[in-house]
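Data file: final-v7.pdb. Format and content: PDB, C-alpha atoms.
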ATOM      1  CA  MET F   1      44.596 126.918 -24.348
ATOM      2  CA  THR F   2      41.001 125.695 -24.125
ATOM      3  CA  ALA F   3      39.929 122.287 -22.801
ATOM      4  CA  VAL F   4      38.951 121.171 -26.317
ATOM      5  CA  GLU F   5      42.383 122.013 -27.657
ATOM      6  CA  THR F   6      43.967 120.162 -24.760
ATOM      7  CA  ALA F   7      41.879 117.022 -25.446
ATOM      8  CA  LEU F   8      42.689 116.949 -29.139
ATOM      9  CA  PRO F   9      45.669 114.715 -30.076
ATOM     10  CA  ARG F  10      48.721 116.610 -31.096
ATOM     11  CA  ALA F  11      50.056 115.979 -34.570
ATOM     12  CA  ARG F  12      53.475 114.390 -34.597
ATOM     13  CA  PRO F  13      56.152 116.121 -36.604
ATOM     14  CA  VAL F  14      56.864 114.457 -39.927
ATOM     15  CA  GLN F  15      60.282 112.813 -39.922
ATOM     16  CA  ARG F  16      61.909 112.951 -43.281
ATOM     17  CA  PRO F  17      64.341 110.177 -44.158
ATOM     18  CA  VAL F  18      67.964 111.138 -44.031
ATOM     19  CA  ALA F  19      69.605 111.105 -47.439
ATOM     20  CA  GLY F  20      72.607 109.150 -46.231
ATOM     21  CA  ARG F  21      70.480 106.507 -44.567
ATOM     22  CA  ARG F  22      68.303 106.136 -47.660
ATOM     23  CA  GLY F  23      71.396 105.785 -49.835
ATOM     24  CA  GLY F  24      72.782 103.067 -47.538
ATOM     25  CA  ARG F  25      69.558 101.089 -47.741
ATOM     26  CA  HIS F  26      69.600 101.377 -51.516
ATOM     27  CA  LYS F  27      73.148 100.019 -51.674
ATOM     28  CA  ARG F  28      72.250  97.087 -49.417
ATOM     29  CA  SER F  29      69.217  96.261 -51.541
ATOM     30  CA  VAL F  30      71.364  96.279 -54.684
ATOM     31  CA  VAL F  31      73.905  93.953 -53.048
ATOM     32  CA  LEU F  32      71.177  91.577 -51.871
ATOM     33  CA  THR F  33      69.583  91.595 -55.323
ATOM     34  CA  VAL F  34      72.887  90.722 -56.962
ATOM     35  CA  MET F  35      73.464  87.924 -54.439
ATOM     36  CA  LEU F  36      69.999  86.474 -55.042
ATOM     37  CA  LEU F  37      70.495  86.621 -58.797
ATOM     38  CA  GLY F  38      73.813  84.820 -58.362
ATOM     39  CA  LEU F  39      72.127  82.095 -56.302
ATOM     40  CA  LEU F  40      69.369  81.826 -58.894
ATOM     41  CA  ALA F  41      71.948  81.370 -61.659
ATOM     42  CA  TYR F  42      73.813  78.813 -59.522
ATOM     43  CA  PHE F  43      70.691  76.672 -59.084
ATOM     44  CA  LEU F  44      69.350  77.068 -62.621
ATOM     45  CA  LEU F  45      72.627  76.562 -64.482
ATOM     46  CA  PRO F  46      72.648  72.735 -64.123
ATOM     47  CA  LEU F  47      69.034  72.571 -65.293
ATOM     48  CA  VAL F  48      69.817  74.752 -68.310
ATOM     49  CA  TRP F  49      72.835  72.567 -69.140
ATOM     50  CA  LEU F  50      70.688  69.436 -68.832
ATOM     51  CA  LEU F  51      67.955  70.847 -71.058
ATOM     52  CA  ILE F  52      70.368  72.030 -73.758
ATOM     53  CA  ASN F  53      72.464  68.871 -73.876
ATOM     54  CA  SER F  54      69.435  66.588 -73.979
ATOM     55  CA  THR F  55      68.755  68.023 -77.456
ATOM     56  CA  LYS F  56      72.131  66.901 -78.808
ATOM     57  CA  SER F  57      73.305  63.680 -80.350
ATOM     58  CA  THR F  58      76.309  61.840 -78.970
ATOM     59  CA  THR F  59      78.554  63.556 -81.505
ATOM     60  CA  GLY F  60      77.087  66.961 -80.713
ATOM     61  CA  LEU F  61      77.869  66.525 -77.020
ATOM     62  CA  PHE F  62      81.597  66.607 -77.754
ATOM     63  CA  GLU F  63      81.645  68.975 -80.712
ATOM     64  CA  SER F  64      79.623  71.893 -79.313
ATOM     65  CA  PHE F  65      79.764  74.200 -76.315
ATOM     66  CA  GLY F  66      77.988  72.771 -73.272
ATOM     67  CA  LEU F  67      75.727  75.772 -72.718
ATOM     68  CA  TRP F  68      74.609  76.186 -76.307
ATOM     69  CA  PHE F  69      72.660  74.099 -78.797
ATOM     70  CA  ALA F  70      74.289  71.993 -81.485
ATOM     71  CA  SER F  71      73.510  72.191 -85.184
ATOM     72  CA  ASP F  72      71.284  69.118 -85.007
ATOM     73  CA  PHE F  73      68.190  68.756 -82.784
ATOM     74  CA  HIS F  74      67.872  65.226 -81.366
ATOM     75  CA  LEU F  75      65.579  65.709 -78.370
ATOM     76  CA  PHE F  76      62.718  63.550 -79.632
ATOM     77  CA  GLU F  77      65.119  60.890 -80.937
ATOM     78  CA  ASN F  78      66.864  60.849 -77.541
ATOM     79  CA  VAL F  79      63.557  60.480 -75.713
ATOM     80  CA  ARG F  80      62.516  57.619 -77.988
ATOM     81  CA  GLU F  81      65.858  55.831 -77.576
ATOM     82  CA  THR F  82      65.781  56.349 -73.813
ATOM     83  CA  LEU F  83      62.329  54.786 -73.510
ATOM     84  CA  THR F  84      63.196  51.827 -75.773
ATOM     85  CA  TYR F  85      66.806  51.075 -74.752
ATOM     86  CA  GLN F  86      67.305  47.616 -73.204
ATOM     87  CA  GLY F  87      63.724  46.621 -73.872
ATOM     88  CA  GLY F  88      62.206  49.764 -72.324
ATOM     89  CA  ILE F  89      63.744  49.238 -68.889
ATOM     90  CA  TYR F  90      63.659  53.002 -68.264
ATOM     91  CA  GLY F  91      59.860  52.927 -68.066
ATOM     92  CA  ARG F  92      60.075  50.188 -65.424
ATOM     93  CA  TRP F  93      62.594  52.227 -63.436
ATOM     94  CA  PHE F  94      60.325  55.256 -63.693
ATOM     95  CA  LEU F  95      57.298  53.343 -62.390
ATOM     96  CA  ASN F  96      59.410  51.892 -59.573
ATOM     97  CA  THR F  97      60.483  55.385 -58.552
ATOM     98  CA  VAL F  98      56.871  56.592 -58.603
ATOM     99  CA  LEU F  99      55.870  53.640 -56.418
ATOM    100  CA  TYR F 100      58.645  54.273 -53.905
ATOM    101  CA  ALA F 101      57.949  58.015 -53.829
ATOM    102  CA  VAL F 102      54.170  57.771 -53.459
ATOM    103  CA  ALA F 103      54.207  54.994 -50.857
ATOM    104  CA  GLY F 104      57.296  56.187 -48.985
ATOM    105  CA  ALA F 105      56.753  59.952 -49.053
ATOM    106  CA  GLY F 106      52.981  59.767 -48.616
ATOM    107  CA  GLY F 107      53.257  57.305 -45.750
ATOM    108  CA  ALA F 108      56.037  59.288 -44.069
ATOM    109  CA  ALA F 109      54.058  62.543 -44.281
ATOM    110  CA  LEU F 110      50.928  60.875 -42.884
ATOM    111  CA  LEU F 111      52.816  59.244 -40.007
ATOM    112  CA  ALA F 112      54.591  62.534 -39.263
ATOM    113  CA  ALA F 113      51.253  64.370 -39.167
ATOM    114  CA  LEU F 114      49.716  61.781 -36.842
ATOM    115  CA  GLY F 115      52.751  61.655 -34.576
ATOM    116  CA  GLY F 116      53.344  65.395 -34.501
ATOM    117  CA  TYR F 117      49.694  66.135 -33.737
ATOM    118  CA  GLY F 118      49.575  63.500 -31.001
ATOM    119  CA  VAL F 119      52.732  64.694 -29.300
ATOM    120  CA  ALA F 120      51.724  68.359 -29.547
ATOM    121  CA  LYS F 121      48.146  68.007 -28.280
ATOM    122  CA  PHE F 122      48.243  65.103 -25.825
ATOM    123  CA  ASP F 123      50.045  65.104 -22.501
ATOM    124  CA  PHE F 124      51.825  61.895 -21.571
ATOM    125  CA  PRO F 125      54.955  60.932 -19.638
ATOM    126  CA  GLY F 126      58.223  61.035 -21.574
ATOM    127  CA  ARG F 127      57.447  63.880 -23.975
ATOM    128  CA  ARG F 128      60.775  65.612 -23.328
ATOM    129  CA  LEU F 129      62.645  62.346 -23.740
ATOM    130  CA  LEU F 130      60.820  61.770 -27.012
ATOM    131  CA  LEU F 131      61.779  65.251 -28.212
ATOM    132  CA  ALA F 132      65.427  64.533 -27.430
ATOM    133  CA  GLY F 133      65.223  61.240 -29.308
ATOM    134  CA  VAL F 134      63.646  62.865 -32.366
ATOM    135  CA  LEU F 135      66.264  65.621 -32.446
ATOM    136  CA  GLY F 136      69.007  63.040 -32.082
ATOM    137  CA  ALA F 137      67.583  61.020 -34.961
ATOM    138  CA  VAL F 138      67.570  64.131 -37.156
ATOM    139  CA  MET F 139      71.320  64.515 -36.614
ATOM    140  CA  VAL F 140      72.124  60.955 -37.766
ATOM    141  CA  PRO F 141      72.982  60.809 -41.505
ATOM    142  CA  ALA F 142      70.953  58.349 -43.547
ATOM    143  CA  THR F 143      74.067  56.696 -44.990
ATOM    144  CA  ALA F 144      75.159  55.660 -41.493
ATOM    145  CA  LEU F 145      71.951  53.651 -41.136
ATOM    146  CA  ALA F 146      72.127  51.929 -44.516
ATOM    147  CA  ILE F 147      74.129  48.885 -43.393
ATOM    148  CA  PRO F 148      72.078  48.264 -40.195
ATOM    149  CA  THR F 149      68.913  48.695 -42.265
ATOM    150  CA  TYR F 150      70.175  46.106 -44.755
ATOM    151  CA  LEU F 151      70.910  43.623 -41.975
ATOM    152  CA  LEU F 152      67.460  44.090 -40.448
ATOM    153  CA  LEU F 153      65.711  43.689 -43.793
ATOM    154  CA  SER F 154      67.837  40.669 -44.628
ATOM    155  CA  SER F 155      66.870  38.977 -41.361
ATOM    156  CA  VAL F 156      63.172  39.165 -42.283
ATOM    157  CA  GLY F 157      63.634  38.305 -45.957
ATOM    158  CA  LEU F 158      62.715  41.662 -47.493
ATOM    159  CA  VAL F 159      65.957  42.301 -49.386
ATOM    160  CA  ASP F 160      65.533  42.705 -53.149
ATOM    161  CA  THR F 161      61.844  43.597 -52.789
ATOM    162  CA  PRO F 162      60.065  46.979 -53.047
ATOM    163  CA  PHE F 163      59.420  46.881 -49.290
ATOM    164  CA  ALA F 164      63.168  47.184 -48.697
ATOM    165  CA  VAL F 165      62.966  50.736 -50.084
ATOM    166  CA  ILE F 166      59.465  51.730 -48.932
ATOM    167  CA  ILE F 167      59.628  50.707 -45.260
ATOM    168  CA  PRO F 168      62.800  52.692 -44.355
ATOM    169  CA  SER F 169      61.359  55.704 -46.211
ATOM    170  CA  LEU F 170      58.398  55.813 -43.822
ATOM    171  CA  ALA F 171      60.610  57.040 -40.980
ATOM    172  CA  SER F 172      61.114  60.811 -41.102
ATOM    173  CA  PRO F 173      62.414  62.310 -37.834
ATOM    174  CA  PHE F 174      62.639  65.754 -39.407
ATOM    175  CA  GLY F 175      59.045  65.487 -40.651
ATOM    176  CA  LEU F 176      57.848  64.421 -37.207
ATOM    177  CA  TYR F 177      59.626  67.320 -35.541
ATOM    178  CA  LEU F 178      58.312  69.800 -38.115
ATOM    179  CA  MET F 179      54.710  68.601 -37.717
ATOM    180  CA  TRP F 180      55.107  68.645 -33.942
ATOM    181  CA  ILE F 181      56.069  72.328 -33.957
ATOM    182  CA  TYR F 182      53.494  73.218 -36.608
ATOM    183  CA  ALA F 183      50.626  71.431 -34.858
ATOM    184  CA  ALA F 184      51.421  73.142 -31.551
ATOM    185  CA  ALA F 185      51.107  76.567 -33.208
ATOM    186  CA  ALA F 186      48.443  76.026 -35.876
ATOM    187  CA  VAL F 187      45.799  73.947 -34.069
ATOM    188  CA  PRO F 188      44.041  75.854 -31.232
ATOM    189  CA  ASP F 189      43.217  73.834 -28.128
ATOM    190  CA  GLU F 190      39.857  75.625 -27.868
ATOM    191  CA  LEU F 191      38.831  74.282 -31.266
ATOM    192  CA  LEU F 192      39.645  70.724 -30.220
ATOM    193  CA  GLU F 193      37.714  71.117 -26.969
ATOM    194  CA  ALA F 194      34.707  72.418 -28.890
ATOM    195  CA  ALA F 195      34.828  69.377 -31.165
ATOM    196  CA  ARG F 196      35.025  67.049 -28.134
ATOM    197  CA  ILE F 197      32.024  68.769 -26.540
ATOM    198  CA  ASP F 198      30.087  68.152 -29.771
ATOM    199  CA  GLY F 199      30.800  64.441 -29.336
ATOM    200  CA  ALA F 200      33.450  63.906 -32.021
ATOM    201  CA  GLY F 201      36.020  61.172 -31.486
ATOM    202  CA  GLU F 202      39.749  61.792 -31.577
ATOM    203  CA  LEU F 203      40.250  60.340 -35.051
ATOM    204  CA  ARG F 204      37.281  62.323 -36.356
ATOM    205  CA  ILE F 205      38.747  65.472 -34.820
ATOM    206  CA  PHE F 206      42.110  64.816 -36.442
ATOM    207  CA  TRP F 207      40.745  64.139 -39.945
ATOM    208  CA  SER F 208      37.966  66.738 -39.985
ATOM    209  CA  VAL F 209      39.448  69.582 -37.923
ATOM    210  CA  ALA F 210      43.185  69.307 -37.330
ATOM    211  CA  MET F 211      44.191  67.986 -40.743
ATOM    212  CA  ARG F 212      42.661  71.006 -42.480
ATOM    213  CA  LEU F 213      44.819  73.316 -40.383
ATOM    214  CA  LEU F 214      47.885  71.108 -40.824
ATOM    215  CA  ALA F 215      47.665  71.061 -44.631
ATOM    216  CA  PRO F 216      50.576  73.510 -45.284
ATOM    217  CA  GLY F 217      52.871  71.617 -42.899
ATOM    218  CA  PHE F 218      51.754  68.274 -44.309
ATOM    219  CA  VAL F 219      52.531  69.409 -47.859
ATOM    220  CA  THR F 220      55.935  70.681 -46.725
ATOM    221  CA  VAL F 221      56.858  67.311 -45.226
ATOM    222  CA  LEU F 222      55.413  65.529 -48.264
ATOM    223  CA  LEU F 223      57.577  67.504 -50.692
ATOM    224  CA  PHE F 224      60.707  67.091 -48.579
ATOM    225  CA  GLN F 225      60.185  63.336 -48.405
ATOM    226  CA  LEU F 226      59.213  63.154 -52.053
ATOM    227  CA  VAL F 227      62.487  64.752 -53.114
ATOM    228  CA  HIS F 228      64.407  62.570 -50.652
ATOM    229  CA  VAL F 229      62.874  59.296 -51.861
ATOM    230  CA  TRP F 230      62.992  60.303 -55.532
ATOM    231  CA  ASN F 231      66.725  61.080 -55.289
ATOM    232  CA  ASN F 232      67.543  58.202 -52.959
ATOM    233  CA  TYR F 233      70.507  56.265 -54.317
ATOM    234  CA  PHE F 234      72.563  54.596 -51.599
ATOM    235  CA  LEU F 235      69.799  52.575 -49.912
ATOM    236  CA  PRO F 236      68.341  51.071 -53.142
ATOM    237  CA  LEU F 237      71.868  50.310 -54.307
ATOM    238  CA  ILE F 238      72.439  48.188 -51.198
ATOM    239  CA  VAL F 239      69.081  46.448 -50.770
ATOM    240  CA  LEU F 240      68.206  45.794 -54.438
ATOM    241  CA  ASN F 241      69.949  43.285 -56.699
ATOM    242  CA  ASN F 242      67.386  42.765 -59.448
ATOM    243  CA  PRO F 243      67.557  45.558 -62.100
ATOM    244  CA  ALA F 244      63.805  45.210 -62.578
ATOM    245  CA  TRP F 245      63.305  46.849 -59.134
ATOM    246  CA  TYR F 246      65.862  49.629 -59.587
ATOM    247  CA  PRO F 247      64.750  53.253 -59.203
ATOM    248  CA  LEU F 248      65.872  55.879 -61.699
ATOM    249  CA  THR F 249      68.906  56.895 -59.648
ATOM    250  CA  VAL F 250      70.460  53.421 -59.618
ATOM    251  CA  GLY F 251      69.404  52.631 -63.180
ATOM    252  CA  LEU F 252      70.855  55.845 -64.654
ATOM    253  CA  LYS F 253      74.051  55.266 -62.694
ATOM    254  CA  GLN F 254      74.277  51.830 -64.291
ATOM    255  CA  TRP F 255      73.915  53.372 -67.755
ATOM    256  CA  ASN F 256      76.529  55.982 -66.881
ATOM    257  CA  GLU F 257      78.966  53.219 -65.977
ATOM    258  CA  GLN F 258      78.269  51.609 -69.349
ATOM    259  CA  ALA F 259      79.086  54.893 -71.075
ATOM    260  CA  TYR F 260      82.428  55.464 -69.349
ATOM    261  CA  GLY F 261      83.413  51.981 -68.248
ATOM    262  CA  GLY F 262      85.393  49.430 -70.185
ATOM    263  CA  GLY F 263      84.409  45.937 -71.098
ATOM    264  CA  GLY F 264      81.789  46.605 -73.732
ATOM    265  CA  GLY F 265      80.860  50.078 -72.587
ATOM    266  CA  SER F 266      79.630  52.514 -75.214
ATOM    267  CA  VAL F 267      79.784  56.291 -75.068
ATOM    268  CA  ALA F 268      76.593  56.332 -77.166
ATOM    269  CA  VAL F 269      74.657  55.715 -73.952
ATOM    270  CA  LEU F 270      75.763  59.074 -72.565
ATOM    271  CA  ASN F 271      73.038  61.095 -74.298
ATOM    272  CA  LEU F 272      70.492  58.590 -72.950
ATOM    273  CA  VAL F 273      71.743  59.255 -69.423
ATOM    274  CA  ILE F 274      71.321  63.005 -69.935
ATOM    275  CA  THR F 275      67.872  62.670 -71.477
ATOM    276  CA  GLY F 276      66.793  60.213 -68.784
ATOM    277  CA  SER F 277      67.931  62.650 -66.107
ATOM    278  CA  LEU F 278      65.850  65.396 -67.718
ATOM    279  CA  LEU F 279      62.769  63.181 -67.785
ATOM    280  CA  ALA F 280      63.378  62.221 -64.159
ATOM    281  CA  ILE F 281      63.115  65.780 -62.805
ATOM    282  CA  ILE F 282      59.899  66.689 -64.645
ATOM    283  CA  PRO F 283      57.584  64.972 -62.082
ATOM    284  CA  LEU F 284      59.282  66.809 -59.196
ATOM    285  CA  ILE F 285      58.766  70.172 -60.886
ATOM    286  CA  ALA F 286      55.146  69.324 -61.679
ATOM    287  CA  MET F 287      54.504  68.194 -58.099
ATOM    288  CA  PHE F 288      55.920  71.399 -56.679
ATOM    289  CA  LEU F 289      53.815  73.545 -59.021
ATOM    290  CA  VAL F 290      50.665  71.624 -58.113
ATOM    291  CA  LEU F 291      51.190  71.690 -54.332
ATOM    292  CA  GLN F 292      52.570  75.195 -53.895
ATOM    293  CA  ARG F 293      49.061  76.657 -53.604
ATOM    294  CA  TYR F 294      48.756  74.944 -50.205
ATOM    295  CA  TRP F 295      51.821  76.869 -49.052
ATOM    296  CA  GLN F 296      50.304  80.104 -50.290
ATOM    297  CA  SER F 297      47.002  79.404 -48.541
ATOM    298  CA  GLY F 298      48.853  78.565 -45.333
ATOM    299  CA  LEU F 299      50.787  81.824 -45.461
ATOM    300  CA  ALA F 300      47.590  83.778 -46.112
ATOM    301  CA  VAL F 301      45.831  82.163 -43.173
ATOM    302  CA  GLY F 302      48.806  82.693 -40.888
ATOM    303  CA  GLY F 303      49.018  86.366 -41.809
ATOM    304  CA  VAL F 304      45.497  87.138 -40.530
ATOM    305  CA  LYS F 305      45.130  87.648 -36.807
ATOM    306  CA  GLN F 306      41.913  86.388 -35.271
TER
END
Would you mind giving the structure from this file in C-alpha cells?
Amino acid sequence: MTAVETALPRARPVQRPVAGRRGGRHKRSVVLTVMLLGLLAYFLLPLVWLLINSTKSTTGLFESFGLWFASDFHLFENVRETLTYQGGIYGRWFLNTVLYAVAGAGGAALLAALGGYGVAKFDFPGRRLLLAGVLGAVMVPATALAIPTYLLLSSVGLVDTPFAVIIPSLASPFGLYLMWIYAAAAVPDELLEAARIDGAGELRIFWSVAMRLLAPGFVTVLLFQLVHVWNNYFLPLIVLNNPAWYPLTVGLKQWNEQAYGGGGGSVAVLNLVITGSLLAIIPLIAMFLVLQRYWQSGLAVGGVKQ
C-alpha cells in the first residue's frame, strides 16, 4: 500500500436499516399520529360545538343534535341580541375584559422581562433566596390568594374598581421565572459589555439590545398572562360588585344563572350565553395568530449557531 493510499480516508461501509427496526419505528409513528389526532379532536371538539350551537335558536338547541346544525340559521340574530340584551351590557363587559387583559397582561409581561433580565445579568446578594421565593410563588394556586388579596384591596379602598383586577394581574411568578431562564441563555454577556463600552446606560441597553433578543420569551409570557387574565373568573367575582365593571367571564356566568335559575329566569338567554362565549374567544385566537411569528423568529434564531 502506497503512502497516498494510506493518507486517503477509508470509506465507511454503508449500514442498511434492519427491516424489523424500520417496521417498529413505523408502528410507533402511527401510534403517535393517532394519539396526536385524538388530542387535536379533544381540544377542537368544544370549539366546534360552540360554533355550531351559536347558529341555533333557543328551540333549535333542544330539538337538534349538539354537533350538527339545525334547520334554521340564527347566528346573526343571536349576535345582534347578544350585543343589545340588557341595554348592550355585553359590549361594556367586552371592553372591561380588554382593559384588564391589556393592562394586566402587558404590565405583567413587562415587569417579568425587567425582573428576569435584572436577576439573570446582575450579581447581587440573595439571588438564590429570590429563586426559591419565585419557585415557591409558582406553586401557590391563585384561588388561595383571592381572599387575602380582597382584604388588602379593601383596606386601601380599591374594591369594586378596575384596579382591583389589574393590580393583582401584574404579579406573574411563572413569567418572572421564565424570563429569568430565557434571559440567561438568550442575551450574551459579551454583547452587554460591548454596549457598556460604547457608553450606553443600563436602561438603554435593556430597551435597545436585550429586549430585541427577549422578544420570543416576552411574547410567550404575554400570551400566557393574556389567556389567564381573559379567563379570570374567581378574582373579579370577589372584588367587583357593580355589573358595569364585570369582565366577560362573570357577566356570562350571570346570564347563565338567569337561564337555568328560578325566580324570573328565562331559558331564552341560553343561546345568548353560547353566542357571547363564541365572541369572547375570537380576540384570543386573533392575538395568537398575530403574535406567533415572534415565536417562529425566535426558533429560527435559536437554531443557528454563531
Which residues of segment 213-303 of chain F have any atom within 12 Å of an atom in segment 78-95 of chain F when counting only C-alpha atoms, and what is the closest pair of atoms for each, with the distance in Å to one decimal? Order the rows by chain and rising number and write it as a Markdown table.
| residue | atom | partner | partner_atom | distance |
| --- | --- | --- | --- | --- |
| F:Trp230 | CA | F:Phe94 | CA | 10.0 |
| F:Pro236 | CA | F:Trp93 | CA | 11.8 |
| F:Asn242 | CA | F:Trp93 | CA | 11.3 |
| F:Pro243 | CA | F:Trp93 | CA | 8.4 |
| F:Ala244 | CA | F:Arg92 | CA | 6.8 |
| F:Trp245 | CA | F:Trp93 | CA | 6.9 |
| F:Tyr246 | CA | F:Trp93 | CA | 5.7 |
| F:Pro247 | CA | F:Trp93 | CA | 4.9 |
| F:Leu248 | CA | F:Trp93 | CA | 5.2 |
| F:Thr249 | CA | F:Trp93 | CA | 8.7 |
| F:Val250 | CA | F:Trp93 | CA | 8.8 |
| F:Gly251 | CA | F:Trp93 | CA | 6.8 |
| F:Leu252 | CA | F:Tyr90 | CA | 8.5 |
| F:Lys253 | CA | F:Trp93 | CA | 11.9 |
| F:Gln254 | CA | F:Tyr90 | CA | 11.4 |
| F:Trp255 | CA | F:Tyr85 | CA | 10.2 |
| F:Ala268 | CA | F:Asn78 | CA | 10.7 |
| F:Val269 | CA | F:Thr82 | CA | 8.9 |
| F:Leu270 | CA | F:Asn78 | CA | 10.3 |
| F:Asn271 | CA | F:Asn78 | CA | 7.0 |
| F:Leu272 | CA | F:Thr82 | CA | 5.3 |
| F:Val273 | CA | F:Thr82 | CA | 8.0 |
| F:Ile274 | CA | F:Asn78 | CA | 9.1 |
| F:Thr275 | CA | F:Asn78 | CA | 6.4 |
| F:Gly276 | CA | F:Thr82 | CA | 6.4 |
| F:Ser277 | CA | F:Thr82 | CA | 10.2 |
| F:Leu278 | CA | F:Val79 | CA | 9.7 |
| F:Leu279 | CA | F:Val79 | CA | 8.4 |
| F:Ala280 | CA | F:Phe94 | CA | 7.6 |
| F:Ile281 | CA | F:Phe94 | CA | 10.9 |
| F:Ile282 | CA | F:Phe94 | CA | 11.5 |
| F:Pro283 | CA | F:Phe94 | CA | 10.2 |
*Minimum-distance residue to Ala137 of chain F, chosen among F:Ile205, F:Leu240, F:Ala171, F:Val31 (using all atoms listed in the file)*: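 Under the stated criterion, the closest residue is F:Ala171.
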*Taking the file as shown, what set of residues would the PyMOL selection byres ((chain F and resi 213) around 10) give back, as a VMD selection string?*
chain F and resid 182 to 183 186 to 188 206 208 to 212 214 to 218 298 301
*Compile the contact shell of segment 124-127 of chain F as a PyMOL selection string: residues with an atom at most 12 Å away, counting all atoms listed in the file, same-chain residues fewer than 6 positions apart removed.*
chain F and resi 115-116+118+133-134+180
Pick out the residues sitting within 9 Å of Val221 of chain F, and hand them over as an mmCIF file with C-alpha atoms, in the frame of the given file; count all atoms listed in the file, and ignore anything fewer than 2 positions along from it in its own chain.
data_model
loop_
_atom_site.group_PDB
_atom_site.id
_atom_site.type_symbol
_atom_site.label_atom_id
_atom_site.label_comp_id
_atom_site.auth_asym_id
_atom_site.auth_seq_id
_atom_site.Cartn_x
_atom_site.Cartn_y
_atom_site.Cartn_z
ATOM 1 C CA ALA F 105 56.753 59.952 -49.053
ATOM 2 C CA ALA F 108 56.037 59.288 -44.069
ATOM 3 C CA ALA F 109 54.058 62.543 -44.281
ATOM 4 C CA ALA F 112 54.591 62.534 -39.263
ATOM 5 C CA ALA F 113 51.253 64.370 -39.167
ATOM 6 C CA SER F 172 61.114 60.811 -41.102
ATOM 7 C CA PHE F 174 62.639 65.754 -39.407
ATOM 8 C CA GLY F 175 59.045 65.487 -40.651
ATOM 9 C CA LEU F 176 57.848 64.421 -37.207
ATOM 10 C CA LEU F 178 58.312 69.800 -38.115
ATOM 11 C CA MET F 179 54.710 68.601 -37.717
ATOM 12 C CA PRO F 216 50.576 73.510 -45.284
ATOM 13 C CA GLY F 217 52.871 71.617 -42.899
ATOM 14 C CA PHE F 218 51.754 68.274 -44.309
ATOM 15 C CA VAL F 219 52.531 69.409 -47.859
ATOM 16 C CA LEU F 223 57.577 67.504 -50.692
ATOM 17 C CA PHE F 224 60.707 67.091 -48.579
ATOM 18 C CA GLN F 225 60.185 63.336 -48.405
ATOM 19 C CA LEU F 226 59.213 63.154 -52.053
#
*Quick one: of F:Val239, F:Ile166, F:Leu222, F:Val156, who's nearest to Ala103 of chain F, counting all atoms listed in the file?*
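Distance minimum relative to Ala103 of chain F lands on F:Ile166.
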*So, counting all atoms listed in the file, which residue among F:Ser29, F:Thr161, F:Gln258, F:Ser169 is closest to Asn96 of chain F?*
F:Thr161
*Counting all atoms listed in the file, what is within 7 Å of segment 42-53 of chain F, bar same-chain residues fewer than 5 positions away, as a VMD selection string?*
chain F and resid 61 66 to 69 274 278
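The coordinates place atom CA of Val119 of chain F at 21.5 Å from atom CA of Val140 of chain F.
Nearest residue to Ala120 of chain F among F:Ala132, F:Tyr100, F:Ala184, F:Met139 is F:Ala184, counting only C-alpha atoms.
For the atom pair formed by atom CA of Arg25 of chain F and atom CA of Leu37 of chain F, the distance is 18.2 Å, given to one decimal.
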*Calculate how many Å separate atom CA of Leu110 of chain F from atom CA of Asp198 of chain F, rounding to one decimal.*
25.7 Å
